[in-house]
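Participant: Questions regarding the structure given below will be posed in turn.
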Amino acid sequence: MLKFAKRLVPATTAEAHEMLLANRGARVLGGGLWLRQGRRAIACAIDLSACGLDYIEESDDAFVVGAMTPLADLEHDAAFNSATCGVFEHAVHDIVGVQFRNLATVGGSLYGRFGFSDVLTALMALDAGVKFTGAGRIDLSTFAASPYERDVLEHLVVHRRPYKAAYGCLRRQATDFPVVNVCAAWWGDAWHVSVGARPLRARLLADEELGCGTPKPSREELSCALEAVRSLDYGTNYLAGAAYRRHLAGVLAVRAICEAAGIEVPPSLEERFELEARAFEGDAAASPSGSCVPTAPIDSAAKEAAR
Ligand SMILES: Cc1cc2nc3c(=O)[nH]c(=O)nc-3n(C[C@H](O)[C@H](O)[C@H](O)COP(=O)(O)OP(=O)(O)OC[C@H]3O[C@@H](n4cnc5c(N)ncnc54)[C@H](O)[C@@H]3O)c2cc1C
């Protein structure tokens, strides 16, 4: 149960920021869905609902998304999806359920920088940043690696680029937390690959770090990207072991790059993945209680009807 000793409702983000700094133990409220997990007593809840942060603005350069915008609103924004190859819709469509995504906010999802986050992974591969009242603008990959500061997240900015992008994720079953997730995007003459649910905060690999520098990469370039993704740190939790996650992340990254590039995965790489996967068959540490299945494809029409 979530209890507040005091609830403040500022009219502006500047006021909210002052309140946050002035009140010990104060917490900003987004949708409150993560905060309400478990038993928690918050000395002072700062409710941003009167700050006018529920909006999606579109300009020639960028999409600006207010922190209090529900995940579902961005998920169903046709202009945003078409400008970003639908990666956000793909990333969030299996998060719990429609009602949940109508309440969970973009700001709460990004501020949390959860080690399982689909939201952070999907947006980090794009040319995106966040704006805080105190700290100002920060690009998303820098923000993801930063410590938690007492500040108010005002909005997300996703710059328009001629993106070629794709998202890949594995869940043991739909609506579960992801075992691992990946987003690959080509923009600014470089590949950007974010890898999340490791189960650590998402990390971005870009350009030379990937060794993959052409819009339609060769088998050799894909092999370099595979090794780069697998060189990240991976951990073990109840969903999967570190070695299995490392294997999956590489597979998903290569497939996402190929999907974004509009090319087939080279058969020799698919054969390699198949052989590697056999090493995990029957391995309880890989997938402690059952095998992982890819997330279901998006059925936008059915989802729209369910809203
Ligand atoms: C059961 C469950 C399953 C989930 N599964 C997934 C999943 O599979 N994939 C996934 O990506 N996510 C998942 N999530 C996370 C979810 O999508 C949201 O990201 C999460 O609920 C936080 O959003 P919220 O709006 O509820 O934030 P809150 O719970 O309100 O806040 C979360 C944190 O952010 C802070 N905060 C909120 N807004 C701001 C702001 N504007 N400025 C500064 N700080 C702020 C709060 O103080 C708090 O520390 C899951 C959550 C739950 C509870």
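Residue names in the structure tokens use chain letters A, B, ... in the order shown, residue numbers from 1 in each chain, and ligand numbers from 1 in the order shown.
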So that I can check the surroundings of Ser109 of chain A, please list as JSON, numbers by chain every protein, DNA and RNA residue that reaches within 9 Å of it, counting only C-alpha atoms and ignoring chain neighbours fewer than 6 positions away.
Facilitator: {"A": [30, 34, 71, 117, 119, 120]}
Participant: Enumerate as a PyMOL selection string the residues within 8 Å of ligand 1, counting only C-alpha atoms and all ligand atoms.
Facilitator: chain A and resi 27-37+48+67-68+70-71+91-92+94-96+100-101+103-112+114+116-120+132+150-155+175-178
Participant: Since we have the selection now, will you write its residues out, keeping C-alpha atoms, as an mmCIF file, in the first residue's frame?
Facilitator:
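Generated output (out.cif):
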data_model
loop_
_atom_site.group_PDB
_atom_site.id
_atom_site.type_symbol
_atom_site.label_atom_id
_atom_site.label_comp_id
_atom_site.auth_asym_id
_atom_site.auth_seq_id
_atom_site.Cartn_x
_atom_site.Cartn_y
_atom_site.Cartn_z
ATOM 1 C CA ARG A 27 8.902 12.183 -4.150
ATOM 2 C CA VAL A 28 7.505 13.238 -7.502
ATOM 3 C CA LEU A 29 4.387 11.308 -8.544
ATOM 4 C CA GLY A 30 4.004 10.099 -12.121
ATOM 5 C CA GLY A 31 1.292 7.499 -12.637
ATOM 6 C CA GLY A 32 2.201 6.085 -9.210
ATOM 7 C CA LEU A 33 2.180 2.515 -10.534
ATOM 8 C CA TRP A 34 5.746 1.686 -9.666
ATOM 9 C CA LEU A 35 5.707 3.679 -6.431
ATOM 10 C CA ARG A 36 2.682 1.735 -5.198
ATOM 11 C CA GLN A 37 4.457 -1.631 -5.485
ATOM 12 C CA LEU A 48 2.501 17.025 -11.222
ATOM 13 C CA ALA A 67 6.435 13.804 -18.654
ATOM 14 C CA MET A 68 2.833 13.121 -17.571
ATOM 15 C CA PRO A 70 0.555 8.157 -20.533
ATOM 16 C CA LEU A 71 2.595 5.449 -22.280
ATOM 17 C CA ALA A 91 8.437 -1.969 -27.124
ATOM 18 C CA VAL A 92 5.483 -1.149 -24.877
ATOM 19 C CA ASP A 94 3.288 -6.068 -23.893
ATOM 20 C CA ILE A 95 3.679 -3.975 -20.742
ATOM 21 C CA VAL A 96 0.994 -5.396 -18.436
ATOM 22 C CA PHE A 100 -1.977 0.019 -16.999
ATOM 23 C CA ARG A 101 -0.420 1.857 -19.954
ATOM 24 C CA LEU A 103 -1.877 5.373 -16.293
ATOM 25 C CA ALA A 104 1.891 4.757 -16.407
ATOM 26 C CA THR A 105 3.659 7.912 -17.585
ATOM 27 C CA VAL A 106 6.542 8.558 -19.951
ATOM 28 C CA GLY A 107 8.262 10.641 -17.223
ATOM 29 C CA GLY A 108 7.963 7.976 -14.503
ATOM 30 C CA SER A 109 9.175 5.292 -16.905
ATOM 31 C CA LEU A 110 12.256 7.257 -17.932
ATOM 32 C CA TYR A 111 13.107 8.692 -14.508
ATOM 33 C CA GLY A 112 12.997 5.168 -13.028
ATOM 34 C CA PHE A 114 14.542 0.387 -14.521
ATOM 35 C CA PHE A 116 14.084 -4.167 -17.258
ATOM 36 C CA SER A 117 12.839 -1.087 -19.110
ATOM 37 C CA ASP A 118 11.472 -1.481 -22.634
ATOM 38 C CA VAL A 119 10.728 2.257 -22.730
ATOM 39 C CA LEU A 120 14.331 3.324 -22.144
ATOM 40 C CA PHE A 132 14.854 18.545 -16.327
ATOM 41 C CA ARG A 150 16.314 15.234 -7.003
ATOM 42 C CA ASP A 151 14.908 16.973 -10.054
ATOM 43 C CA VAL A 152 11.707 17.238 -12.079
ATOM 44 C CA LEU A 153 11.620 15.636 -15.505
ATOM 45 C CA GLU A 154 9.593 17.963 -17.744
ATOM 46 C CA HIS A 155 9.654 16.309 -21.132
ATOM 47 C CA THR A 175 3.052 -9.145 -20.335
ATOM 48 C CA ASP A 176 5.958 -10.605 -18.315
ATOM 49 C CA PHE A 177 9.101 -8.533 -17.681
ATOM 50 C CA PRO A 178 11.496 -8.820 -20.644
#
Participant: So that I can see what lies close to Leu269 of chain A, please list as a ChimeraX atom specification the residues with an atom at most 10 Å from it, counting only C-alpha atoms and leaving out residues fewer than 5 positions away in the same chain.
Facilitator: /A:219,222-223,226,251,254-255,274-275
Participant: What is the distance, in Å and to one decimal place, between atom CA of Trp191 of chain A and atom CA of Arg161 of chain A?
Facilitator: 12.7 Å
Participant: What separation in Å, quoted to one decimal, exists between atom CA of Ala197 of chain A and atom CA of Asn181 of chain A?
Facilitator: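 Calculated distance between atom CA of Ala197 of chain A and atom CA of Asn181 of chain A is 6.0 Å.
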Participant: Enumerate as a PyMOL selection string all residues of segment 78-244 of chain A assigned to alpha helix (DSSP H) by DSSP on the backbone, naming them with the chain letters and numbers the document uses.
Facilitator: chain A and resi 78-83+87-92+98-103+106-112+118-124+140-144+219-230+242-244
Participant: Which is closer to Ala243 of chain A than all the others in A:Val265, A:Ala279, A:Cys258, A:Val98, using only C-alpha atoms?
Facilitator: A:Ala279
Participant: Would you mind telling me which residue in A:Leu210, A:Ala260, A:Ala225, A:Ala43 lies nearest to Ala165 of chain A when using only C-alpha atoms?
Facilitator: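 Among A:Leu210, A:Ala260, A:Ala225, A:Ala43, it is A:Ala260 that comes nearest to Ala165 of chain A.
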Participant: Could you write out, as a list in words, all the residues of segment 181-229 of chain A that DSSP marks as strand (DSSP E)?
Facilitator: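 Strand (DSSP E) members of segment 181-229 of chain A, listed: Asn181, Val182, Cys183, Ala184, Ala185, Trp186, Trp187, Ala190, Trp191, His192, Val193, Ser194, Val195, Gly196, Arg203, Leu204, Leu205 and Ala206 of chain A.
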Participant: Which is closest to Ala261 of chain A among A:Arg246, A:Arg230, A:Lys216, A:Arg40, if we use only C-alpha atoms?
Facilitator: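 Looking only at the distances to Ala261 of chain A, the closest residue turns out to be A:Lys216.
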Participant: Between atom CA of Gln99 of chain A and atom CA of Asp73 of chain A, what is the distance, to one decimal in Å?
Facilitator: 11.6 Å
Participant: Using only C-alpha atoms, which of the listed residues (A:Leu8, A:Thr236, A:Asp283, A:Ile42) sits closest to Arg24 of chain A?
Facilitator: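 Looking at the shortest contact to Arg24 of chain A, the residue is A:Ile42.
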Participant: Let me make sure I understand: among A:Arg171, A:His247, A:His93, A:His192, which one has the smallest atom-to-atom distance to Asp127 of chain A if we use only C-alpha atoms?
Facilitator: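 Going through A:Arg171, A:His247, A:His93, A:His192 one by one, the smallest distance to Asp127 of chain A is for A:His192.
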